[in-house]
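Take a look at the structure below.
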Amino acid sequence: MTNPTAPVVECEKMHVTLPVNNLTTAIEFYVTKLGFQLGFLWGEPAWFAGITLGEVEIFLKEDTAAPNAGAVVFMVGDADALYTFHLANGVEVVEPIADREYGIRDYAVKDLYGYRLVFGQHIYTVGPKIKIERVDVPVRLEKRLAG
């Protein structure tokens, strides 16, 4: 369904803010257990932070946690490698890695506050096989000799 009055806007990023009971503990978990990088801290004392996984950034805000509010989905280059890393770090896996019928190989974990984090990658082998037709193309190459 489209809204004819809405402008066409391309979105390059998505930011999600997760409320966490303890910002310092949450940052430590995301960095050491999940493999994120700390991007920035805001406030004195800090009450807001940006953490990144590759090109994706999420925000953590010190506030009352609300874990049943939804999930954050990250599309990554190698879900299997990240899954292995998360298992090795003792992260709580709530849905094991698998190929899904919707064309994504993914898994879900919970963070310290019960937020559901989903990590997945596209599966390009889903759907009917495409017949590839090869066509001969005549090509003329010239070789020039420099004096």
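All residue names refer to the structure tokens as shown: chains lettered A, B, ... in order, residues numbered from 1 in each chain, ligands numbered from 1 in order.
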**OP:** as a PyMOL selection string, please: all residues of region 30-139 of chain A that backbone DSSP puts in strand (DSSP E).
**Re:** chain A and resi 37-42+48-53+56-62+71-75+92-99+104-110+116-122
Original post:
Could you name the residues that touch region 16-26 of chain A at 9 Å or less, counting only C-alpha atoms, but leaving out those on the same chain fewer than 3 positions away, as a PyMOL selection string?
Top reply: chain A and resi 29-31+46-50+57-67+72+111-113+115
Original post:
So what do you get for CA of Ile97 (chain A) versus CA of Phe74 (chain A), distance-wise?
Top reply: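 Going from CA of Ile97 (chain A) over to CA of Phe74 (chain A), I get 13.7 Å.
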